[in-house]
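structure_30.cif follows; it contains mmCIF, C-alpha atoms.
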```cif
data_my_file
#
loop_
_atom_site.label_atom_id
_atom_site.label_comp_id
_atom_site.auth_asym_id
_atom_site.auth_seq_id
_atom_site.Cartn_x
_atom_site.Cartn_y
_atom_site.Cartn_z
CA MET L 1 -16.40 25.78 -26.93
CA SER L 2 -17.36 23.57 -24.01
CA TYR L 3 -18.04 24.72 -20.45
CA LEU L 4 -14.82 25.87 -18.74
CA VAL L 5 -13.88 25.33 -15.09
CA ASP L 6 -10.82 27.36 -14.11
CA ALA L 7 -9.29 25.72 -11.03
CA LYS L 8 -5.74 27.04 -11.48
CA GLY L 9 -4.07 27.90 -8.18
CA LYS L 10 -6.84 26.23 -6.18
CA PRO L 11 -5.66 23.93 -3.38
CA CYS L 12 -6.73 20.30 -3.06
CA PRO L 13 -9.60 19.30 -3.05
CA THR L 14 -11.18 22.42 -4.62
CA PRO L 15 -10.59 21.37 -8.29
CA VAL L 16 -12.41 18.07 -7.64
CA ILE L 17 -15.35 19.89 -5.99
CA MET L 18 -15.55 22.35 -8.93
CA ALA L 19 -15.57 19.46 -11.42
CA LYS L 20 -18.23 17.63 -9.43
CA LYS L 21 -20.33 20.79 -9.46
CA ALA L 22 -20.04 20.95 -13.26
CA MET L 23 -21.25 17.32 -13.45
CA ALA L 24 -24.11 18.04 -11.04
CA GLU L 25 -25.17 20.98 -13.19
CA GLY L 26 -25.59 18.53 -16.06
CA HIS L 27 -22.61 19.41 -18.24
CA ASP L 28 -21.80 16.33 -20.33
CA THR L 29 -18.64 17.89 -21.71
CA PHE L 30 -16.47 20.45 -19.98
CA THR L 31 -12.84 21.42 -19.53
CA VAL L 32 -11.03 21.85 -16.20
CA LEU L 33 -7.85 23.92 -15.96
CA VAL L 34 -5.40 23.10 -13.15
CA ASP L 35 -1.72 23.79 -12.52
CA ASN L 36 -0.42 20.78 -10.61
CA PRO L 37 -0.04 17.03 -11.37
CA THR L 38 -1.75 15.90 -8.16
CA ALA L 39 -4.95 17.70 -9.18
CA VAL L 40 -4.70 16.00 -12.60
CA GLU L 41 -4.54 12.55 -10.97
CA ASN L 42 -7.43 13.34 -8.61
CA LEU L 43 -9.56 14.59 -11.51
CA LYS L 44 -8.76 11.50 -13.59
CA ARG L 45 -9.98 9.29 -10.74
CA LEU L 46 -13.11 11.41 -10.42
CA ALA L 47 -13.74 10.96 -14.15
CA ASP L 48 -13.28 7.19 -13.88
CA SER L 49 -15.64 6.92 -10.93
CA GLN L 50 -18.34 9.03 -12.59
CA GLY L 51 -18.27 7.38 -16.04
CA PHE L 52 -16.52 10.26 -17.82
CA ALA L 53 -13.71 9.91 -20.34
CA VAL L 54 -10.94 12.43 -19.85
CA ALA L 55 -8.14 13.73 -22.09
CA VAL L 56 -5.24 15.73 -20.66
CA ARG L 57 -3.39 18.52 -22.50
CA GLU L 58 -0.42 20.32 -20.99
CA GLU L 59 0.83 23.76 -21.94
CA GLY L 60 3.46 25.62 -19.97
CA GLY L 61 2.62 24.10 -16.61
CA THR L 62 -1.14 24.40 -17.09
CA TYR L 63 -3.13 21.21 -17.55
CA ALA L 64 -6.42 21.21 -19.44
CA LEU L 65 -8.60 18.18 -18.80
CA ASP L 66 -11.41 17.60 -21.29
CA PHE L 67 -14.22 15.68 -19.63
CA ALA L 68 -16.76 13.84 -21.79
CA LYS L 69 -19.62 11.72 -20.48
CA GLY L 70 -19.10 8.13 -21.68
CA GLU L 71 -22.02 7.87 -24.12
CA GLY L 72 -23.09 4.45 -25.31
CA CYS L 73 -20.13 2.86 -23.59
CA SER L 74 -22.05 0.22 -21.67
CA ALA L 75 -18.80 -1.64 -21.02
CA CYS L 76 -17.46 1.38 -19.13
CA GLU L 77 -20.55 1.66 -16.97
CA GLU L 78 -20.48 -2.04 -16.29
CA ALA L 79 -16.84 -1.81 -15.28
CA VAL L 80 -17.58 1.11 -12.95
CA ASN L 81 -20.52 -0.64 -11.32
CA SER L 82 -19.14 -4.16 -11.17
CA PRO L 83 -17.34 -5.48 -8.11
CA LEU L 84 -13.58 -5.18 -8.03
CA PRO L 85 -11.82 -7.87 -10.09
CA THR L 86 -9.53 -8.98 -7.28
CA GLY L 87 -9.65 -9.27 -3.54
CA GLY L 88 -13.39 -8.87 -3.10
CA ASP L 89 -14.80 -5.60 -1.92
CA TRP L 90 -13.03 -4.76 1.30
CA ALA L 91 -10.62 -2.08 2.36
CA VAL L 92 -7.95 -1.53 5.00
CA PHE L 93 -7.67 1.87 6.67
CA VAL L 94 -4.27 2.62 8.20
CA GLY L 95 -4.25 5.70 10.43
CA ARG L 96 -0.94 5.07 12.18
CA ASP L 97 2.51 3.63 11.52
CA ILE L 98 2.39 0.83 14.13
CA ILE L 99 -0.19 -1.78 15.08
CA GLY L 100 -1.79 -1.28 18.47
CA ASP L 101 -0.70 0.68 21.52
CA GLY L 102 2.41 -0.13 23.50
CA ASP L 103 5.95 -0.73 22.32
CA ARG L 104 6.79 1.04 19.04
CA GLU L 105 9.32 -1.55 17.95
CA LEU L 106 6.90 -4.43 18.43
CA GLY L 107 4.17 -2.40 16.70
CA THR L 108 6.47 -1.77 13.71
CA ASN L 109 7.16 -5.49 13.42
CA LEU L 110 3.48 -6.34 13.63
CA MET L 111 2.67 -3.81 10.87
CA ARG L 112 5.33 -5.31 8.57
CA MET L 113 4.06 -8.83 9.28
CA PHE L 114 0.49 -7.69 8.61
CA PHE L 115 1.37 -6.44 5.12
CA TYR L 116 3.60 -9.48 4.48
CA THR L 117 0.62 -11.72 5.21
CA LEU L 118 -1.75 -9.57 3.17
CA ALA L 119 0.58 -9.61 0.15
CA GLN L 120 1.04 -13.39 0.33
CA GLY L 121 -2.65 -14.19 0.78
CA GLU L 122 -5.25 -15.07 -1.84
CA ASP L 123 -7.96 -12.68 -0.65
CA LYS L 124 -6.40 -9.27 -1.22
CA PRO L 125 -8.17 -6.04 -0.28
CA GLY L 126 -9.72 -3.79 -2.93
CA ALA L 127 -8.04 -0.79 -1.35
CA VAL L 128 -5.55 0.22 1.32
CA LEU L 129 -6.05 3.76 2.63
CA PHE L 130 -3.32 5.67 4.48
CA MET L 131 -3.85 8.72 6.70
CA ASN L 132 -1.99 10.65 9.40
CA ALA L 133 1.17 8.76 10.54
CA GLY L 134 0.05 5.83 8.37
CA VAL L 135 1.56 7.70 5.38
CA LYS L 136 5.01 6.93 6.81
CA LEU L 137 4.57 3.32 5.67
CA PRO L 138 4.39 3.75 1.84
CA THR L 139 7.18 6.37 2.08
CA LEU L 140 9.76 5.44 4.73
CA ASP L 141 9.25 1.72 5.40
CA GLU L 142 11.04 -0.23 2.66
CA GLN L 143 9.52 -3.58 3.61
CA VAL L 144 5.93 -2.35 3.79
CA ALA L 145 6.43 -0.47 0.50
CA ASP L 146 7.59 -3.73 -1.14
CA HIS L 147 4.45 -5.54 0.04
CA LEU L 148 2.28 -2.64 -1.14
CA LYS L 149 3.83 -2.91 -4.61
CA VAL L 150 2.83 -6.59 -4.73
CA LEU L 151 -0.72 -5.68 -3.68
CA ASN L 152 -0.87 -2.81 -6.16
CA ASP L 153 0.27 -5.09 -9.01
CA ALA L 154 -2.50 -7.52 -8.04
CA GLY L 155 -5.11 -4.78 -8.42
CA THR L 156 -5.34 -3.27 -4.92
CA GLU L 157 -5.81 0.51 -4.94
CA ILE L 158 -3.32 2.29 -2.66
CA LEU L 159 -4.59 5.73 -1.69
CA VAL L 160 -2.38 8.00 0.40
CA CYS L 161 -3.64 11.21 2.06
CA GLY L 162 -1.89 14.14 0.33
CA THR L 163 -2.52 16.53 3.23
CA CYS L 164 -0.76 14.09 5.57
CA LEU L 165 2.20 13.56 3.21
CA ASN L 166 2.55 17.33 3.02
CA PHE L 167 2.31 17.71 6.82
CA TYR L 168 5.11 15.20 7.45
CA GLY L 169 7.21 16.52 4.52
CA LEU L 170 7.04 13.15 2.75
CA THR L 171 5.34 14.07 -0.53
CA ASP L 172 8.51 13.43 -2.58
CA GLN L 173 9.16 10.08 -0.93
CA LEU L 174 6.04 8.16 -1.87
CA LYS L 175 7.25 4.76 -3.15
CA VAL L 176 3.90 3.26 -4.12
CA GLY L 177 0.29 4.34 -4.49
CA ALA L 178 -1.56 7.50 -5.46
CA VAL L 179 -1.65 10.84 -3.65
CA SER L 180 -5.27 11.18 -2.66
CA ASN L 181 -7.72 13.29 -0.65
CA MET L 182 -10.52 12.95 1.89
CA TYR L 183 -13.19 12.77 -0.84
CA ASP L 184 -11.60 9.80 -2.61
CA ILE L 185 -10.78 8.02 0.63
CA VAL L 186 -14.28 8.43 2.09
CA THR L 187 -15.86 7.36 -1.21
CA ARG L 188 -13.63 4.27 -1.28
CA MET L 189 -14.68 3.41 2.30
CA GLN L 190 -18.34 3.78 1.42
CA LYS L 191 -17.93 1.52 -1.62
CA ALA L 192 -16.23 -1.23 0.39
CA GLY L 193 -18.30 -4.02 1.92
CA LYS L 194 -16.16 -3.79 5.03
CA VAL L 195 -13.34 -1.58 6.21
CA ILE L 196 -10.71 -2.92 8.58
CA SER L 197 -9.08 -0.12 10.59
CA LEU L 198 -5.57 -0.41 11.99
CA MET P 1 15.35 -23.54 -1.19
CA ASP P 2 13.27 -20.58 -2.35
CA TYR P 3 14.11 -18.54 0.71
CA GLY P 4 15.37 -19.01 4.25
CA VAL P 5 13.63 -18.33 7.55
CA ILE P 6 15.03 -17.85 11.02
CA THR P 7 12.75 -18.37 14.02
CA PHE P 8 13.45 -17.32 17.61
CA THR P 9 12.50 -18.55 21.05
CA SER P 10 11.65 -15.02 22.21
CA THR P 11 10.17 -11.87 20.70
CA TYR P 12 13.06 -9.86 22.12
CA GLY P 13 15.47 -12.17 20.33
CA ALA P 14 13.62 -11.70 17.05
CA ILE P 15 13.67 -7.90 17.31
CA TYR P 16 17.32 -7.82 18.37
CA ALA P 17 18.37 -10.21 15.57
CA GLN P 18 16.82 -7.98 12.89
CA LYS P 19 19.14 -5.15 13.88
CA VAL P 20 22.15 -7.45 13.63
CA LEU P 21 21.09 -9.14 10.39
CA LYS P 22 20.04 -6.10 8.38
CA GLU P 23 23.64 -4.86 8.63
CA VAL P 24 24.73 -8.02 6.79
CA ALA P 25 22.11 -8.51 4.06
CA PRO P 26 18.54 -7.48 3.22
CA VAL P 27 16.00 -9.24 5.46
CA GLN P 28 12.24 -9.06 5.91
CA VAL P 29 10.10 -9.60 8.98
CA MET P 30 7.36 -12.20 8.60
CA PRO P 31 5.01 -14.18 10.81
CA VAL P 32 6.30 -17.65 11.66
CA LEU P 33 4.90 -20.12 9.14
CA ARG P 34 2.26 -22.50 10.40
CA GLU P 35 4.46 -25.32 9.11
CA ILE P 36 7.11 -24.37 11.72
CA SER P 37 6.03 -24.71 15.31
CA LEU P 38 9.04 -23.42 17.19
CA GLY P 39 8.99 -20.31 19.32
CA CYS P 40 7.56 -16.85 18.99
CA GLY P 41 5.55 -15.32 16.18
CA ILE P 42 8.19 -13.10 14.57
CA ALA P 43 10.52 -14.65 11.99
CA VAL P 44 13.17 -13.23 9.69
CA ARG P 45 13.22 -14.06 5.98
CA PHE P 46 16.44 -13.96 3.95
CA GLN P 47 17.76 -14.84 0.49
CA PRO P 48 19.32 -18.33 0.12
CA GLU P 49 22.71 -16.92 -0.94
CA ASP P 50 22.99 -15.01 2.36
CA LEU P 51 22.74 -18.13 4.57
CA GLU P 52 26.39 -18.26 5.67
CA GLU P 53 26.50 -14.53 6.48
CA MET P 54 23.30 -14.92 8.52
CA ARG P 55 24.76 -17.84 10.50
CA ALA P 56 28.02 -16.00 11.14
CA ALA P 57 26.26 -12.80 12.23
CA LEU P 58 24.04 -14.62 14.74
CA ALA P 59 26.95 -16.71 16.04
CA ALA P 60 28.82 -13.45 16.75
CA SER P 61 25.79 -11.85 18.41
CA THR P 62 24.65 -12.08 22.04
CA LEU P 63 22.03 -14.71 21.08
CA LYS P 64 22.90 -18.21 22.18
CA GLU P 65 22.71 -21.31 20.05
CA GLY P 66 19.29 -22.82 20.72
CA GLU P 67 17.62 -19.41 20.86
CA TYR P 68 17.15 -19.44 17.10
CA ALA P 69 16.67 -21.94 14.27
CA PHE P 70 17.20 -21.88 10.50
CA TYR P 71 14.77 -23.31 7.93
CA ALA P 72 14.87 -23.68 4.16
CA ILE P 73 11.49 -22.92 2.58
CA THR P 74 10.49 -24.34 -0.77
CA GLY P 75 7.22 -23.85 -2.61
CA SER P 76 4.16 -21.97 -1.41
CA GLY P 77 0.58 -22.58 -0.33
CA LYS P 78 -0.27 -26.29 0.00
CA ASP P 79 3.05 -27.32 -1.55
CA LEU P 80 5.16 -25.40 0.94
CA THR P 81 7.82 -27.36 2.77
CA ALA P 82 10.03 -26.17 5.62
CA GLN P 83 13.27 -28.08 6.13
CA PRO P 84 15.40 -27.43 9.24
CA LEU P 85 18.94 -26.38 8.34
#
```

Would you encode the structure as structure tokens?
Amino acid sequence: MSYLVDAKGKPCPTPVIMAKKAMAEGHDTFTVLVDNPTAVENLKRLADSQGFAVAVREEGGTYALDFAKGEGCSACEEAVNSPLPTGGDWAVFVGRDIIGDGDRELGTNLMRMFFYTLAQGEDKPGAVLFMNAGVKLPTLDEQVADHLKVLNDAGTEILVCGTCLNFYGLTDQLKVGAVSNMYDIVTRMQKAGKVISL
Amino acid sequence: MDYGVITFTSTYGAIYAQKVLKEVAPVQVMPVLREISLGCGIAVRFQPEDLEEMRAALAASTLKEGEYAFYAITGSGKDLTAQPL
């Protein structure tokens, strides 16, 4: 029986912190129990970023994630450490739903044109990170969501703040990207060579 | 024509036209292509099959002829061509 981390009923980002603690304590194999799909996705990303393989089992609304340190898988470690395959290593942070101060309508147009240009360009970002009112773009703005899908298909990570989606009541309306948390978003910023903030 | 683009002589015209045009057919906002020099920076992109509806909607709007222009876009990148319609 491997080490067991019971994170059922714990709010985001507690399950991720508990799993990180298990890794820090040196457990090469352990199981995390959670009770919501968002936590499962967050834990899978944690596993990927830390060189762990993870298998998910579901039973009656409880998810058991078996973590196993990727032994002898040099390809995995290389993949984790190597630069992103597309777009170079840069990220865009979007903390609002319009570009700049001033007229909202003009700002909305500028934001749509920004993502249009980004999606059409050769040099695509490694990640686009949405927080606060920025989360209205991958949920409510059809045009921006379309451009984000193009970016996502080309390998750009789209991370959307779950706390913010919840705050604005938009969790069910996410059209593209992954529900994420402050830990993932900060880590992604730190990994990027440059972060462009809008 | 891969897609059509409408440019405007003013930003106000571009923002107003979107409201008119999106009632007729799906449109996207885009920056004016470098290959087209006319007017302000906001352009509207539409599907080729919606050309006549776009023309009719703008003709019926408060925008005057000469305040907007239609282009047919073919290709992309270095091979992109913009043909006035």

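With only C-alpha atoms as the atoms that count, the minimum distance from Glu23 of chain P to the choices P:Ala57, P:Ile42, P:Ile6, P:Met1 is reached by P:Ala57.
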
Hits from the PyMOL selection byres ((chain L) within 12 of (chain P)), listed as an MDAnalysis selection string
chainID L and resid 103:122 141:147

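Take the candidates L:Arg188, L:Lys124, L:His27, L:Lys194 and check each one against Leu46 of chain L using all atoms listed in the file; the shortest distance goes to L:Arg188.
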
Written as a VMD selection string, what is the full residue list that the PyMOL selection byres ((chain L and resi 167) around 12) yields on the file shown?
chain L and resid 131 to 133 135 to 136 161 to 166 168 to 171

What does the file look like for those residues with C-alpha atoms, as a short mmCIF file (atom, residue, chain, number, x, y, z; two decimals), keeping the file's coordinate frame?
```
data_model
loop_
_atom_site.label_atom_id
_atom_site.label_comp_id
_atom_site.auth_asym_id
_atom_site.auth_seq_id
_atom_site.Cartn_x
_atom_site.Cartn_y
_atom_site.Cartn_z
CA MET L 131 -3.85 8.72 6.70
CA ASN L 132 -1.99 10.65 9.40
CA ALA L 133 1.17 8.76 10.54
CA VAL L 135 1.56 7.70 5.38
CA LYS L 136 5.01 6.93 6.81
CA CYS L 161 -3.64 11.21 2.06
CA GLY L 162 -1.89 14.14 0.33
CA THR L 163 -2.52 16.53 3.23
CA CYS L 164 -0.76 14.09 5.57
CA LEU L 165 2.20 13.56 3.21
CA ASN L 166 2.55 17.33 3.02
CA TYR L 168 5.11 15.20 7.45
CA GLY L 169 7.21 16.52 4.52
CA LEU L 170 7.04 13.15 2.75
CA THR L 171 5.34 14.07 -0.53
#
```

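Separating atom CA of Ala72 of chain P from atom CA of Ala17 of chain P is a distance of 18.0 Å.
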
8 Å contact set for Val5 of chain L, all atoms listed in the file, chain neighbours under 4 positions out, as a PyMOL selection string:
chain L and resi 18-19+22+30-33

Near-Thr74 of chain P list (9 Å; all atoms listed in the file; drop same-chain fewer than 3 positions) as a ChimeraX atom specification:
/P:1-4,79-83

With the file shown as input, list the residues that the PyMOL selection byres ((chain P and resi 68) around 8) selects, as a ChimeraX atom specification.
/P:6-9,63-67,69-70

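Interatomic distance, atom CA of Ala60 of chain P against atom CA of Glu35 of chain P: 28.2 Å.
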